[in-house]
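K.L.:
Shown below is the structure under consideration.
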There are 2 protein chains.
Amino acid sequence: MSDAREPLLREIEILDEYGQRRNIHIPAERPLTVFVDKRELVTLMTLGAAPEMLVLGYLRNQRLVADLADVLSITVDWEVGAAAVYTRQGIADLEARTAHRVVTTGCGQGTVFGDMMSQVDALQLPPPEEARIRQSTLAGLLEVMRQQDDSIHRKAGSVHGCALFRGSELLMFIEDVGRHNAIDTIAGWMWLHGVTGGDKIFYTTGRLTSEMVMKAAHMGVPIVVSRNGVTHMGHELATRLGMTLFGRAANKHFLCYTGFERFDSEPVPLPATVRVVAGQ
Amino acid sequence: MSDAREPLLREIEILDEYGQRRNIHIPAERPLTVFVDKRELVTLMTLGAAPEMLVLGYLRNQRLVADLADVLSITVDWEVGAAAVYTRQGIADLEARTAHRVVTTGCGQGTVFGDMMSQVDALQLPPPEEARIRQSTLAGLLEVMRQQDDSIHRKAGSVHGCALFRGSELLMFIEDVGRHNAIDTIAGWMWLHGVTGGDKIFYTTGRLTSEMVMKAAHMGVPIVVSRNGVTHMGHELATRLGMTLFGRAANKHFLCYTGFERFDSEPVPLPATVRVVAGQ
């Protein structure tokens with residue numbers, strides 16, 4: 001596996017509302033065309049922070065490769081914007097397996113090949129007794145995310161971040177121009193290092209649409225936290241899967257959308273204004 | 001063309017940080033599988049506000065149909081989540097034309113079939129003398145967007161909005177779970193009603209990634225305003241196309257990222273804090 005790196009930030013000159021010109025940073029966005037055994041598969045538009053993990057996670061999340069040992073090498077060459085993947089046995093029936101396109105609501109890479117929805121009932125997450133989260137742990141996790149001062153988002157905006165936690169311990173954090181790229185990169189990292197999801201918490205700055213929920217479930221992660229909101233289908237899927245979803249989560253605030261049974265609520269005192277509303 | 005409607009909001013019960021249960025609204029998200037002359041093309045995940053326009057704009061923005069007269073009918077049936085498109089002559093070579101997938105950074109529908117990048121030099125936008133924007137017009141446009149009290153975003157969050165303006169006059173506003181769906185819906189509306197883009201301004205809540213810029217350019221719109229930021233490739237493309245991009249645009253604030261030549265700056269007085277920074 002290569003470890004290809006390119007600058008993630010670019011500097012441009014802008015003109016603001018005061019008529020002043022000044023320089024700001026913006027995130028890179030570059031095409032990465034994935035070739036599997038010399039056959040073109042897809043072009044991903046990515047920030048480029050961890051392209052090899054992204055490609056690995058993409059292959060996994062699209063169910064194109066079932067066994068990590070089948071992947072011999074992944075080599076990224078930014079000169080030509082290509083990722084060359086070599087597999088042990090090739091991907092059988094590649095054409096047919098990529099024929100059914102679902103264009104999703106994802107921020108970023110949003111295509112899934114095949115009908116993920118049909119796989120819901122096959123997924124098993126650990127029961128609530130074994131995989132739960134306390135409100136203080138959630139607060140700790142959010143505080144860790146708040147302190148990511150070095151992030152591309154802090155410097156340039158316009159990217160989504162995803163992170164994997166064990167309790168409030170940050171295991172991996174990645175940003176990309178699309179939240180699907182970011183979650184795929186985490187999936188690739190987990191796969192490569194044999195990290196299982198049952199005792200983990202997945203954090204994302206992006207919305208919890210159906211496909212984001214499905215990807216987290218496929219990674220085996222039963223608890224998902226978003227700084228953003230949820231769609232109805234994301235909510236339905238998570239409920240059916242027995243996952244716990246938190247949204248609008250920042251600082252000490254959050255909404256638990258579903259899966260209350262995994263959550264140990266430790267209510268903070270109500271501020272006066274909320275008490276009035278609650279009393280209506 | 002049908003005019004299929006389904007509820008755009010759902011109500012769910014949540015648990016908040018105060019340990020209180022209450023009801024909130026979240027946006028719908030539903031699959032819409034597009035069949036062209038009875039052949040399955042793609043499944044779009046959409047809020048469902050204007051599915052027929054979405055399908056029409058998708059066909060146009062993917063360059064699958066060149067002439068509006070070739071589209072005989074679009075009928076959406078939410079019972080089965082399907083949009084049936086009938087064309088006059090069929091889409092020649094559909095398989096080959098949808099074989100080259102680019103999975104983009106879009107929030108939402110992000111797949112393009114074919115290499116849009118190669119089309120940059122063929123696009124012609126009106127020159128800066130003919131298509132420009134004054135700062136006061138931009139401020140008026142942002143004020144109109146601020147007043148969209150009835151929006152799904154205001155009620156439920158988790159959607160992107162796109163709008164088409166002539167000066168600061170709002171012509172069309174649409175929201176969807178992905179910003180690509182929203183811009184495609186506007187493209188479909190423009191196409192159906194013979195609305196050209198040269199004297200228009202496109203507004204989006206989403207980020208200005210490469211594909212969003214390309215879609216606006218294909219609609220012939222030379223000026224694009226985003227509440228969000230820009231990626232480097234979006235910036236490069238717009239510069240090459242001679243487009244003007246504004247980002248971080250809300251209330252009276254904005255950054256003009258590129259295409260200063262179309263912009264009539266009417267600087268507002270510098271606040272004291274900004275003056276200090278500018279003087280460094």
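The way I read the labels, and the way they are meant: chains A, B, ... in the order of the structure tokens, residue 1 as the first residue of every chain, and ligand 1 as the first ligand shown, with later ones counted on from there.
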Please superimpose chain B upon chain A, fitting all C-alpha atoms matched one to one in order, and report the result as a short mmCIF file (atom, residue, chain, number, x, y, z; two decimals) with C-alpha atoms, in the first residue's frame.
P.N.:
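The result, written out as selection_14.cif:
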data_model
loop_
_atom_site.label_atom_id
_atom_site.label_comp_id
_atom_site.auth_asym_id
_atom_site.auth_seq_id
_atom_site.Cartn_x
_atom_site.Cartn_y
_atom_site.Cartn_z
CA MET B 1 -0.01 0.02 -0.04
CA SER B 2 1.39 3.39 -0.97
CA ASP B 3 1.19 6.42 1.33
CA ALA B 4 0.52 9.15 -1.20
CA ARG B 5 0.30 12.69 0.10
CA GLU B 6 -0.54 15.98 -1.52
CA PRO B 7 -1.29 19.39 -0.01
CA LEU B 8 -4.75 19.45 1.53
CA LEU B 9 -5.11 23.22 1.56
CA ARG B 10 -4.83 25.85 -1.14
CA GLU B 11 -4.58 29.58 -0.67
CA ILE B 12 -6.73 31.94 -2.72
CA GLU B 13 -7.35 35.68 -2.74
CA ILE B 14 -10.88 36.80 -1.99
CA LEU B 15 -12.78 40.10 -1.91
CA ASP B 16 -15.04 40.64 1.08
CA GLU B 17 -18.06 42.80 1.88
CA TYR B 18 -15.76 45.58 3.07
CA GLY B 19 -14.13 45.75 -0.35
CA GLN B 20 -10.95 44.27 1.07
CA ARG B 21 -8.81 41.68 -0.63
CA ARG B 22 -7.22 39.05 1.56
CA ASN B 23 -6.03 35.47 1.40
CA ILE B 24 -7.91 32.48 2.78
CA HIS B 25 -7.43 28.73 2.66
CA ILE B 26 -9.77 26.34 0.90
CA PRO B 27 -9.65 22.55 0.83
CA ALA B 28 -8.26 20.62 -2.10
CA GLU B 29 -10.56 18.44 -4.18
CA ARG B 30 -9.05 16.02 -6.63
CA PRO B 31 -10.25 13.17 -8.78
CA LEU B 32 -9.00 9.69 -7.94
CA THR B 33 -9.86 7.06 -10.52
CA VAL B 34 -9.86 3.55 -9.10
CA PHE B 35 -8.63 0.75 -11.32
CA VAL B 36 -9.16 -2.82 -10.11
CA ASP B 37 -6.89 -5.29 -11.90
CA LYS B 38 -6.43 -2.68 -14.62
CA ARG B 39 -10.16 -2.17 -15.14
CA GLU B 40 -11.62 1.26 -14.40
CA LEU B 41 -14.15 1.11 -11.58
CA VAL B 42 -15.04 4.62 -10.46
CA THR B 43 -13.71 8.15 -10.00
CA LEU B 44 -13.91 9.48 -6.45
CA MET B 45 -13.61 13.21 -5.78
CA THR B 46 -11.56 13.48 -2.60
CA LEU B 47 -9.59 15.79 -0.38
CA GLY B 48 -6.83 13.22 -0.58
CA ALA B 49 -5.85 12.84 3.07
CA ALA B 50 -5.77 9.03 3.12
CA PRO B 51 -6.49 7.80 -0.40
CA GLU B 52 -5.42 4.18 0.11
CA MET B 53 -7.73 3.72 3.11
CA LEU B 54 -10.49 5.44 1.15
CA VAL B 55 -10.14 3.01 -1.75
CA LEU B 56 -10.00 0.03 0.60
CA GLY B 57 -13.09 1.18 2.47
CA TYR B 58 -14.90 1.91 -0.78
CA LEU B 59 -14.26 -1.63 -2.01
CA ARG B 60 -15.52 -2.98 1.30
CA ASN B 61 -18.57 -0.76 1.67
CA GLN B 62 -19.65 -1.48 -1.89
CA ARG B 63 -19.26 -5.21 -1.08
CA LEU B 64 -16.88 -5.61 -4.01
CA VAL B 65 -14.23 -7.43 -1.97
CA ALA B 66 -15.29 -9.78 0.83
CA ASP B 67 -11.91 -10.78 2.27
CA LEU B 68 -9.03 -8.42 3.06
CA ALA B 69 -6.54 -11.08 1.96
CA ASP B 70 -7.93 -10.78 -1.57
CA VAL B 71 -6.44 -7.29 -1.85
CA LEU B 72 -2.79 -7.63 -2.87
CA SER B 73 -1.91 -3.96 -3.22
CA ILE B 74 -3.29 -0.43 -3.51
CA THR B 75 -1.01 2.16 -5.08
CA VAL B 76 -2.03 5.78 -5.44
CA ASP B 77 -0.30 8.05 -7.94
CA TRP B 78 -1.47 11.67 -7.71
CA GLU B 79 0.47 12.56 -10.87
CA VAL B 80 -2.17 10.75 -12.87
CA GLY B 81 -4.93 10.78 -10.23
CA ALA B 82 -5.17 7.01 -10.16
CA ALA B 83 -5.40 4.26 -7.57
CA ALA B 84 -4.27 0.87 -8.87
CA VAL B 85 -5.76 -2.02 -6.94
CA TYR B 86 -4.57 -5.56 -7.51
CA THR B 87 -6.59 -8.47 -6.19
CA ARG B 88 -5.71 -12.11 -5.75
CA GLN B 89 -8.55 -13.52 -7.77
CA GLY B 90 -10.17 -10.54 -9.45
CA ILE B 91 -13.67 -9.37 -8.67
CA ALA B 92 -16.06 -11.87 -10.18
CA ASP B 93 -18.89 -10.46 -12.19
CA LEU B 94 -17.79 -6.83 -11.71
CA GLU B 95 -20.07 -5.50 -14.43
CA ALA B 96 -23.21 -7.10 -13.06
CA ARG B 97 -22.43 -6.13 -9.48
CA THR B 98 -21.98 -2.48 -10.30
CA ALA B 99 -24.95 -2.24 -12.67
CA HIS B 100 -27.62 -1.34 -10.08
CA ARG B 101 -26.93 2.24 -9.18
CA VAL B 102 -28.39 4.01 -6.23
CA VAL B 103 -27.58 7.69 -6.14
CA THR B 104 -27.88 8.65 -2.55
CA THR B 105 -28.31 11.72 -0.46
CA GLY B 106 -24.76 11.57 0.76
CA CYS B 107 -22.55 14.55 1.02
CA GLY B 108 -19.92 13.19 -1.22
CA GLN B 109 -19.55 9.83 -2.64
CA GLY B 110 -23.05 8.60 -2.69
CA THR B 111 -23.25 5.70 -5.07
CA VAL B 112 -23.97 2.25 -3.84
CA PHE B 113 -23.92 -0.69 -6.10
CA GLY B 114 -26.71 -3.00 -5.16
CA ASP B 115 -29.61 -2.79 -2.86
CA MET B 116 -28.33 -2.32 0.65
CA MET B 117 -31.83 -2.15 1.98
CA SER B 118 -32.35 -5.87 1.45
CA GLN B 119 -29.45 -6.56 3.77
CA VAL B 120 -30.98 -4.95 6.86
CA ASP B 121 -32.33 -8.10 8.45
CA ALA B 122 -29.03 -9.95 8.06
CA LEU B 123 -27.17 -7.41 10.20
CA GLN B 124 -26.64 -8.19 13.86
CA LEU B 125 -25.49 -5.56 16.34
CA PRO B 126 -24.60 -6.30 19.97
CA PRO B 127 -27.60 -6.09 22.35
CA PRO B 128 -28.18 -2.93 24.42
CA GLU B 129 -26.83 -4.58 27.60
CA GLU B 130 -23.45 -4.99 25.92
CA ALA B 131 -23.14 -1.80 23.88
CA ARG B 132 -24.37 1.37 25.54
CA ILE B 133 -23.30 4.93 26.17
CA ARG B 134 -23.56 7.23 29.17
CA GLN B 135 -24.36 10.89 28.76
CA SER B 136 -21.02 11.81 30.36
CA THR B 137 -19.18 9.64 27.77
CA LEU B 138 -21.05 11.40 24.97
CA ALA B 139 -20.12 14.78 26.46
CA GLY B 140 -16.47 13.66 26.65
CA LEU B 141 -16.52 12.56 23.01
CA LEU B 142 -17.99 15.88 21.91
CA GLU B 143 -15.33 17.73 23.88
CA VAL B 144 -12.59 15.74 22.09
CA MET B 145 -14.13 16.69 18.73
CA ARG B 146 -14.37 20.33 19.77
CA GLN B 147 -10.63 20.31 20.44
CA GLN B 148 -9.61 19.21 16.92
CA ASP B 149 -7.97 22.57 16.36
CA ASP B 150 -5.73 21.26 13.65
CA SER B 151 -8.59 20.21 11.42
CA ILE B 152 -9.02 21.23 7.80
CA HIS B 153 -12.53 22.32 8.73
CA ARG B 154 -11.18 24.78 11.26
CA LYS B 155 -8.69 26.16 8.73
CA ALA B 156 -10.68 26.10 5.54
CA GLY B 157 -14.25 24.82 6.09
CA SER B 158 -16.10 22.94 3.38
CA VAL B 159 -15.15 19.44 4.51
CA HIS B 160 -16.88 16.77 6.53
CA GLY B 161 -15.22 14.96 9.39
CA CYS B 162 -15.79 11.42 10.62
CA ALA B 163 -14.27 9.82 13.70
CA LEU B 164 -14.22 6.49 15.48
CA PHE B 165 -14.32 6.37 19.27
CA ARG B 166 -14.05 3.76 22.00
CA GLY B 167 -15.94 5.47 24.80
CA SER B 168 -14.62 9.01 24.65
CA GLU B 169 -11.21 7.85 23.36
CA LEU B 170 -10.58 9.00 19.79
CA LEU B 171 -9.18 6.17 17.65
CA MET B 172 -9.28 7.76 14.23
CA PHE B 173 -10.32 11.08 12.71
CA ILE B 174 -10.50 11.84 9.01
CA GLU B 175 -11.86 14.67 6.89
CA ASP B 176 -12.88 14.68 3.26
CA VAL B 177 -14.85 16.80 0.84
CA GLY B 178 -17.70 14.32 1.20
CA ARG B 179 -18.92 12.54 4.31
CA HIS B 180 -19.21 9.27 2.38
CA ASN B 181 -15.52 9.37 1.56
CA ALA B 182 -14.76 10.02 5.21
CA ILE B 183 -16.81 7.10 6.50
CA ASP B 184 -15.38 4.80 3.81
CA THR B 185 -11.88 5.79 4.88
CA ILE B 186 -12.68 4.79 8.45
CA ALA B 187 -14.16 1.51 7.21
CA GLY B 188 -10.92 0.86 5.29
CA TRP B 189 -8.82 1.65 8.35
CA MET B 190 -10.92 -0.67 10.55
CA TRP B 191 -10.73 -3.45 7.98
CA LEU B 192 -6.96 -3.17 7.51
CA HIS B 193 -6.31 -3.20 11.26
CA GLY B 194 -8.91 -5.82 12.20
CA VAL B 195 -10.84 -3.34 14.36
CA THR B 196 -14.40 -4.46 15.11
CA GLY B 197 -17.29 -2.05 15.63
CA GLY B 198 -19.36 -3.55 18.47
CA ASP B 199 -17.77 -1.49 21.24
CA LYS B 200 -17.21 1.64 19.16
CA ILE B 201 -19.03 4.90 18.56
CA PHE B 202 -19.07 6.55 15.16
CA TYR B 203 -19.06 10.34 14.96
CA THR B 204 -19.80 12.42 11.86
CA THR B 205 -20.32 16.09 11.11
CA GLY B 206 -22.70 15.09 8.33
CA ARG B 207 -26.35 14.26 8.22
CA LEU B 208 -27.60 10.80 9.10
CA THR B 209 -29.20 9.75 5.85
CA SER B 210 -30.13 6.17 5.07
CA GLU B 211 -26.82 5.26 3.57
CA MET B 212 -24.72 6.70 6.39
CA VAL B 213 -26.73 4.63 8.87
CA MET B 214 -26.31 1.51 6.71
CA LYS B 215 -22.57 2.02 6.42
CA ALA B 216 -22.19 2.36 10.19
CA ALA B 217 -24.29 -0.79 10.66
CA HIS B 218 -22.13 -2.68 8.16
CA MET B 219 -19.10 -1.62 10.18
CA GLY B 220 -20.84 -3.20 13.17
CA VAL B 221 -21.05 0.10 15.07
CA PRO B 222 -24.27 0.32 17.14
CA ILE B 223 -24.02 3.98 18.27
CA VAL B 224 -23.77 6.93 15.90
CA VAL B 225 -23.37 10.61 16.79
CA SER B 226 -23.85 13.49 14.36
CA ARG B 227 -23.33 17.22 14.69
CA ASN B 228 -26.09 17.44 12.11
CA GLY B 229 -29.59 16.01 11.77
CA VAL B 230 -31.33 12.90 10.51
CA THR B 231 -33.66 12.02 7.66
CA HIS B 232 -36.77 9.92 8.13
CA MET B 233 -35.27 6.95 6.31
CA GLY B 234 -32.08 7.13 8.36
CA HIS B 235 -34.26 7.17 11.47
CA GLU B 236 -36.37 4.22 10.33
CA LEU B 237 -33.38 2.12 9.37
CA ALA B 238 -31.60 2.75 12.66
CA THR B 239 -34.74 1.90 14.62
CA ARG B 240 -35.15 -1.34 12.70
CA LEU B 241 -31.48 -2.20 13.20
CA GLY B 242 -31.58 -1.44 16.93
CA MET B 243 -29.00 1.32 16.59
CA THR B 244 -28.81 4.43 18.73
CA LEU B 245 -28.61 7.76 16.92
CA PHE B 246 -27.70 11.14 18.36
CA GLY B 247 -27.98 14.33 16.35
CA ARG B 248 -27.47 18.09 16.80
CA ALA B 249 -24.65 16.98 19.05
CA ALA B 250 -22.16 19.68 20.01
CA ASN B 251 -20.77 20.83 23.33
CA LYS B 252 -23.19 19.40 25.89
CA HIS B 253 -26.23 19.51 23.64
CA PHE B 254 -27.77 16.63 21.69
CA LEU B 255 -30.97 14.93 20.67
CA CYS B 256 -31.23 11.16 20.98
CA TYR B 257 -33.31 10.27 17.95
CA THR B 258 -33.78 6.56 18.46
CA GLY B 259 -32.40 3.58 20.38
CA PHE B 260 -32.99 5.14 23.82
CA GLU B 261 -32.37 1.66 25.30
CA ARG B 262 -28.61 1.95 24.76
CA PHE B 263 -28.45 5.37 26.39
CA ASP B 264 -27.85 6.05 30.07
CA SER B 265 -29.34 9.50 30.44
CA GLU B 266 -27.73 11.70 33.08
CA PRO B 267 -29.93 14.77 32.68
CA VAL B 268 -28.35 18.16 33.18
CA PRO B 269 -30.45 20.74 35.07
CA LEU B 270 -33.01 22.46 32.88
CA PRO B 271 -32.27 26.09 32.08
CA ALA B 272 -35.13 28.42 32.93
CA THR B 273 -36.17 29.02 29.33
CA VAL B 274 -36.42 25.31 28.56
CA ARG B 275 -38.42 24.74 31.75
CA VAL B 276 -41.02 27.21 30.58
CA VAL B 277 -41.36 25.50 27.20
CA ALA B 278 -41.50 22.05 28.79
CA GLY B 279 -44.26 23.20 31.12
CA GLN B 280 -46.58 24.26 28.34
#
K.L.:
Just list the residues in segment 25-147 of chain A DSSP gives strand (DSSP E or B) on the backbone, as a count of residues only.
P.N.:
40
K.L.:
Please give the complete set of residues from segment 61-260 of chain A that DSSP, run on the backbone, assigns to helix (DSSP H, G or I), formatted as a PyMOL selection string.
P.N.:
chain A and resi 61+68-70+94-97+116-122+135-146+152-156+179-193+210-218+232-241+260
